[in-house]
Amino acid sequence: MQSTKSKIESFPPPTQLATKTDLTPQEVKAITEAVNPLVADAFALYVKTKNFHWHLYGSHFRDYHELFDEQAESILESIDTMAERIRRVGGTTIRSISHIGQLQTIKDDNSSMVPAGDMVRILMEDNSHMAKMIRDAIEVCDENRDSATSNQLQDILDKTERRKWFLYEVMQGAKNAE
Ligand SMILES: [Fe+2]
């Protein structure tokens, strides 16, 4: 984690990046500050899901390996959509891995071994957390007259809940097999 001194400033953007909009600077700031952490979290969750896809072992290998890959793909797709919504309203977005580190609320997992059942539970909890964050950001966008970002986030929320649902049901299967 970097010191606050080197914190990357996202607002106000330089004039050349301040896309014209009828939204007020305060509205743009609120939207930017609500959506940028989601972009950072999507990056963090993408890497974590791929990490589990790569380091899986034991029973159900093929099923979990493929499920994690499919989920990583769906997370990756959401990143560009969210980042470009911020640019469309004149905010600036993620610039680097260290910027992601400053904003992410999804914890990295650097453990050398994670049992498959734990991977499923951890990803289920992370996707639940992500769903809550997205729901909160939708409220901020609605309060700040940005229905286009809200609409995009609703679709991303739906996909996040789909991932959560699959992981939750896989967890039930793991319990039944105990
Ligand atoms: Fe792969």
# chains A, B, ... in the order shown; residues from 1 in each chain; ligands from 1
call {"tool": "residues_around", "arguments": {"residues": "Arg145 in chain A", "least_positions_apart": "4", "cutoff": "10 Å", "atoms": "only C-alpha atoms", "output": "PyMOL selection string"}}
result
chain A and resi 22-24+27-28+31+140-141+149-150
call {"tool": "write_last_selection", "arguments": {"atoms": "N, CA and C atoms", "output": "PDB file, in the first residue's frame"}}
result
ATOM      1  N   ASP A  22     -23.597  17.937 -18.884  1.00  0.00           N
ATOM      2  CA  ASP A  22     -24.536  18.833 -18.186  1.00  0.00           C
ATOM      3  C   ASP A  22     -24.566  18.533 -16.681  1.00  0.00           C
ATOM      4  N   LEU A  23     -23.851  17.487 -16.263  1.00  0.00           N
ATOM      5  CA  LEU A  23     -23.778  17.185 -14.827  1.00  0.00           C
ATOM      6  C   LEU A  23     -22.877  18.235 -14.165  1.00  0.00           C
ATOM      7  N   THR A  24     -23.139  18.548 -12.909  1.00  0.00           N
ATOM      8  CA  THR A  24     -22.296  19.522 -12.200  1.00  0.00           C
ATOM      9  C   THR A  24     -20.989  18.837 -11.786  1.00  0.00           C
ATOM     10  N   GLU A  27     -21.569  16.506  -9.010  1.00  0.00           N
ATOM     11  CA  GLU A  27     -22.211  15.241  -9.416  1.00  0.00           C
ATOM     12  C   GLU A  27     -21.176  14.304 -10.046  1.00  0.00           C
ATOM     13  N   VAL A  28     -20.327  14.854 -10.902  1.00  0.00           N
ATOM     14  CA  VAL A  28     -19.294  14.033 -11.553  1.00  0.00           C
ATOM     15  C   VAL A  28     -18.355  13.449 -10.496  1.00  0.00           C
ATOM     16  N   ILE A  31     -20.045  10.545  -8.657  1.00  0.00           N
ATOM     17  CA  ILE A  31     -20.140   9.350  -9.513  1.00  0.00           C
ATOM     18  C   ILE A  31     -18.760   8.688  -9.633  1.00  0.00           C
ATOM     19  N   VAL A 140     -25.922   6.132  -5.565  1.00  0.00           N
ATOM     20  CA  VAL A 140     -25.177   7.390  -5.750  1.00  0.00           C
ATOM     21  C   VAL A 140     -25.422   7.939  -7.157  1.00  0.00           C
ATOM     22  N   CYS A 141     -25.365   7.067  -8.168  1.00  0.00           N
ATOM     23  CA  CYS A 141     -25.585   7.517  -9.552  1.00  0.00           C
ATOM     24  C   CYS A 141     -27.000   8.064  -9.731  1.00  0.00           C
ATOM     25  N   THR A 149     -25.175   5.432 -16.159  1.00  0.00           N
ATOM     26  CA  THR A 149     -24.253   4.596 -15.363  1.00  0.00           C
ATOM     27  C   THR A 149     -25.045   3.621 -14.499  1.00  0.00           C
ATOM     28  N   SER A 150     -26.142   4.105 -13.898  1.00  0.00           N
ATOM     29  CA  SER A 150     -27.021   3.215 -13.114  1.00  0.00           C
ATOM     30  C   SER A 150     -27.447   2.013 -13.936  1.00  0.00           C
TER      31      SER A 150
END
call {"tool": "residues_around", "arguments": {"residues": "range 82-97 of chain A", "least_positions_apart": "5", "cutoff": "7 Å", "atoms": "only C-alpha atoms", "output": "mmCIF file with C-alpha atoms, in the first residue's frame"}}
result
data_model
loop_
_atom_site.group_PDB
_atom_site.id
_atom_site.type_symbol
_atom_site.label_atom_id
_atom_site.label_comp_id
_atom_site.auth_asym_id
_atom_site.auth_seq_id
_atom_site.Cartn_x
_atom_site.Cartn_y
_atom_site.Cartn_z
ATOM 1 C CA SER A 10 -8.800 11.449 -9.614
ATOM 2 C CA PRO A 13 -9.502 16.064 -13.984
ATOM 3 C CA LEU A 17 -9.912 15.022 -19.901
ATOM 4 C CA ALA A 18 -12.906 16.888 -18.454
ATOM 5 C CA THR A 19 -15.425 15.687 -21.062
ATOM 6 C CA LYS A 20 -18.247 18.204 -21.452
ATOM 7 C CA THR A 21 -21.379 17.242 -19.547
ATOM 8 C CA VAL A 28 -19.294 14.033 -11.553
ATOM 9 C CA THR A 32 -16.369 9.012 -10.034
ATOM 10 C CA VAL A 35 -17.558 3.844 -9.481
ATOM 11 C CA ASN A 36 -13.720 3.881 -9.403
ATOM 12 C CA VAL A 39 -13.287 -0.838 -11.200
ATOM 13 C CA THR A 149 -24.253 4.596 -15.363
#
call {"tool": "residues_near_ligand", "arguments": {"ligand": "ligand 1", "cutoff": "8 Å", "atoms": "only C-alpha atoms and all ligand atoms", "output": "VMD selection string"}}
result
chain A and resid 50 53 to 54 65 to 66 69
call {"tool": "write_last_selection", "arguments": {"atoms": "N, CA and C atoms", "output": "PDB file, in the first residue's frame"}}
result
ATOM      1  N   LYS A  50      -8.802 -15.783 -11.252  1.00  0.00           N
ATOM      2  CA  LYS A  50      -7.815 -16.453 -12.114  1.00  0.00           C
ATOM      3  C   LYS A  50      -6.788 -17.200 -11.260  1.00  0.00           C
ATOM      4  N   HIS A  53      -8.356 -20.303 -10.372  1.00  0.00           N
ATOM      5  CA  HIS A  53      -8.446 -21.117 -11.601  1.00  0.00           C
ATOM      6  C   HIS A  53      -7.102 -21.816 -11.856  1.00  0.00           C
ATOM      7  N   TRP A  54      -6.018 -21.101 -11.622  1.00  0.00           N
ATOM      8  CA  TRP A  54      -4.680 -21.656 -11.904  1.00  0.00           C
ATOM      9  C   TRP A  54      -4.169 -22.590 -10.808  1.00  0.00           C
ATOM     10  N   HIS A  65     -12.444 -25.480 -12.219  1.00  0.00           N
ATOM     11  CA  HIS A  65     -11.483 -24.810 -13.104  1.00  0.00           C
ATOM     12  C   HIS A  65     -12.243 -24.042 -14.186  1.00  0.00           C
ATOM     13  N   GLU A  66     -13.228 -24.680 -14.769  1.00  0.00           N
ATOM     14  CA  GLU A  66     -13.995 -24.037 -15.839  1.00  0.00           C
ATOM     15  C   GLU A  66     -14.936 -22.962 -15.303  1.00  0.00           C
ATOM     16  N   ASP A  69     -12.979 -19.850 -14.595  1.00  0.00           N
ATOM     17  CA  ASP A  69     -12.566 -19.160 -15.819  1.00  0.00           C
ATOM     18  C   ASP A  69     -13.726 -18.373 -16.420  1.00  0.00           C
TER      19      ASP A  69
END
call {"tool": "residues_around", "arguments": {"residues": "range 41-44 of chain A", "least_positions_apart": "5", "cutoff": "7 Å", "atoms": "only C-alpha atoms", "output": "short mmCIF file (atom, residue, chain, number, x, y, z; two decimals) with N, CA and C atoms, in the first residue's frame"}}
result
data_model
loop_
_atom_site.label_atom_id
_atom_site.label_comp_id
_atom_site.auth_asym_id
_atom_site.auth_seq_id
_atom_site.Cartn_x
_atom_site.Cartn_y
_atom_site.Cartn_z
N ILE A 75 -16.19 -10.98 -15.12
CA ILE A 75 -15.68 -9.84 -14.33
C ILE A 75 -14.87 -8.90 -15.24
N ILE A 79 -15.12 -4.41 -16.46
CA ILE A 79 -14.13 -3.39 -16.15
C ILE A 79 -14.18 -2.22 -17.15
N GLN A 104 -8.95 -0.73 -3.94
CA GLN A 104 -9.64 -2.03 -3.84
C GLN A 104 -10.12 -2.29 -2.41
N THR A 105 -11.30 -2.90 -2.32
CA THR A 105 -11.82 -3.33 -1.01
C THR A 105 -11.89 -4.86 -0.96
N ILE A 106 -11.71 -5.51 -2.11
CA ILE A 106 -11.59 -6.98 -2.17
C ILE A 106 -10.15 -7.32 -1.78
N ASP A 108 -6.66 -9.30 -1.56
CA ASP A 108 -5.86 -10.25 -2.34
C ASP A 108 -5.71 -11.54 -1.53
#
call {"tool": "closest_residue", "arguments": {"among": "A:Ile134, A:Val170, A:Asp126, A:Thr49", "to": "Gln154 in chain A", "atoms": "only C-alpha atoms"}}
result
A:Ile134
call {"tool": "residues_around", "arguments": {"residues": "Ser128 in chain A", "least_positions_apart": "6", "cutoff": "12 Å", "atoms": "only C-alpha atoms", "output": "PyMOL selection string"}}
result
chain A and resi 45+106+121-122+134-135+157-168
call {"tool": "write_last_selection", "arguments": {"atoms": "C-alpha atoms", "output": "short mmCIF file (atom, residue, chain, number, x, y, z; two decimals), in the first residue's frame"}}
result
data_model
loop_
_atom_site.label_atom_id
_atom_site.label_comp_id
_atom_site.auth_asym_id
_atom_site.auth_seq_id
_atom_site.Cartn_x
_atom_site.Cartn_y
_atom_site.Cartn_z
CA LEU A 45 -11.54 -10.06 -8.09
CA ILE A 106 -11.59 -6.98 -2.17
CA ARG A 121 -16.66 -19.87 -0.31
CA ILE A 122 -14.16 -16.99 -0.59
CA ILE A 134 -22.55 -2.00 -6.82
CA ARG A 135 -26.00 -1.54 -5.25
CA LEU A 157 -25.05 -6.30 -10.59
CA ASP A 158 -27.20 -8.96 -12.26
CA LYS A 159 -24.08 -10.75 -13.54
CA THR A 160 -22.43 -10.46 -10.12
CA GLU A 161 -25.49 -12.02 -8.49
CA ARG A 162 -25.42 -14.80 -11.08
CA ARG A 163 -21.81 -15.62 -10.10
CA LYS A 164 -22.79 -15.49 -6.42
CA TRP A 165 -25.73 -17.82 -7.03
CA PHE A 166 -23.59 -20.42 -8.86
CA LEU A 167 -20.92 -20.32 -6.16
CA TYR A 168 -23.52 -20.59 -3.40
#
call {"tool": "closest_residue", "arguments": {"among": "A:Asp146, A:Gln152, A:Asp136, A:Phe52", "to": "Leu67 in chain A", "atoms": "only C-alpha atoms"}}
result
A:Phe52
call {"tool": "atom_distance", "arguments": {"atom1": "CA of Leu103 in chain A", "atom2": "CA of Pro37 in chain A"}}
result
5.2 Å
call {"tool": "select_by_dssp", "arguments": {"residues": "range 39-95 of chain A", "states": "helix (DSSP H, G or I)", "output": "PyMOL selection string"}}
result
chain A and resi 39-54+61-88
call {"tool": "closest_residue", "arguments": {"among": "A:Ile100, A:Ala34, A:Ile156, A:Asn151", "to": "Leu76 in chain A", "atoms": "only C-alpha atoms"}}
result
A:Ile156
call {"tool": "closest_residue", "arguments": {"among": "A:Leu56, A:Ala40, A:Asp142, A:His129", "to": "Ser78 in chain A", "atoms": "only C-alpha atoms"}}
result
A:Ala40
call {"tool": "closest_residue", "arguments": {"among": "A:Ser147, A:His60, A:Lys29, A:Ile8", "to": "Gly117 in chain A", "atoms": "only C-alpha atoms"}}
result
A:His60
call {"tool": "atom_distance", "arguments": {"atom1": "CA of Ser98 in chain A", "atom2": "CA of Met113 in chain A"}}
result
25.1 Å
call {"tool": "atom_distance", "arguments": {"atom1": "CA of His55 in chain A", "atom2": "CA of Ser112 in chain A"}}
result
8.6 Å
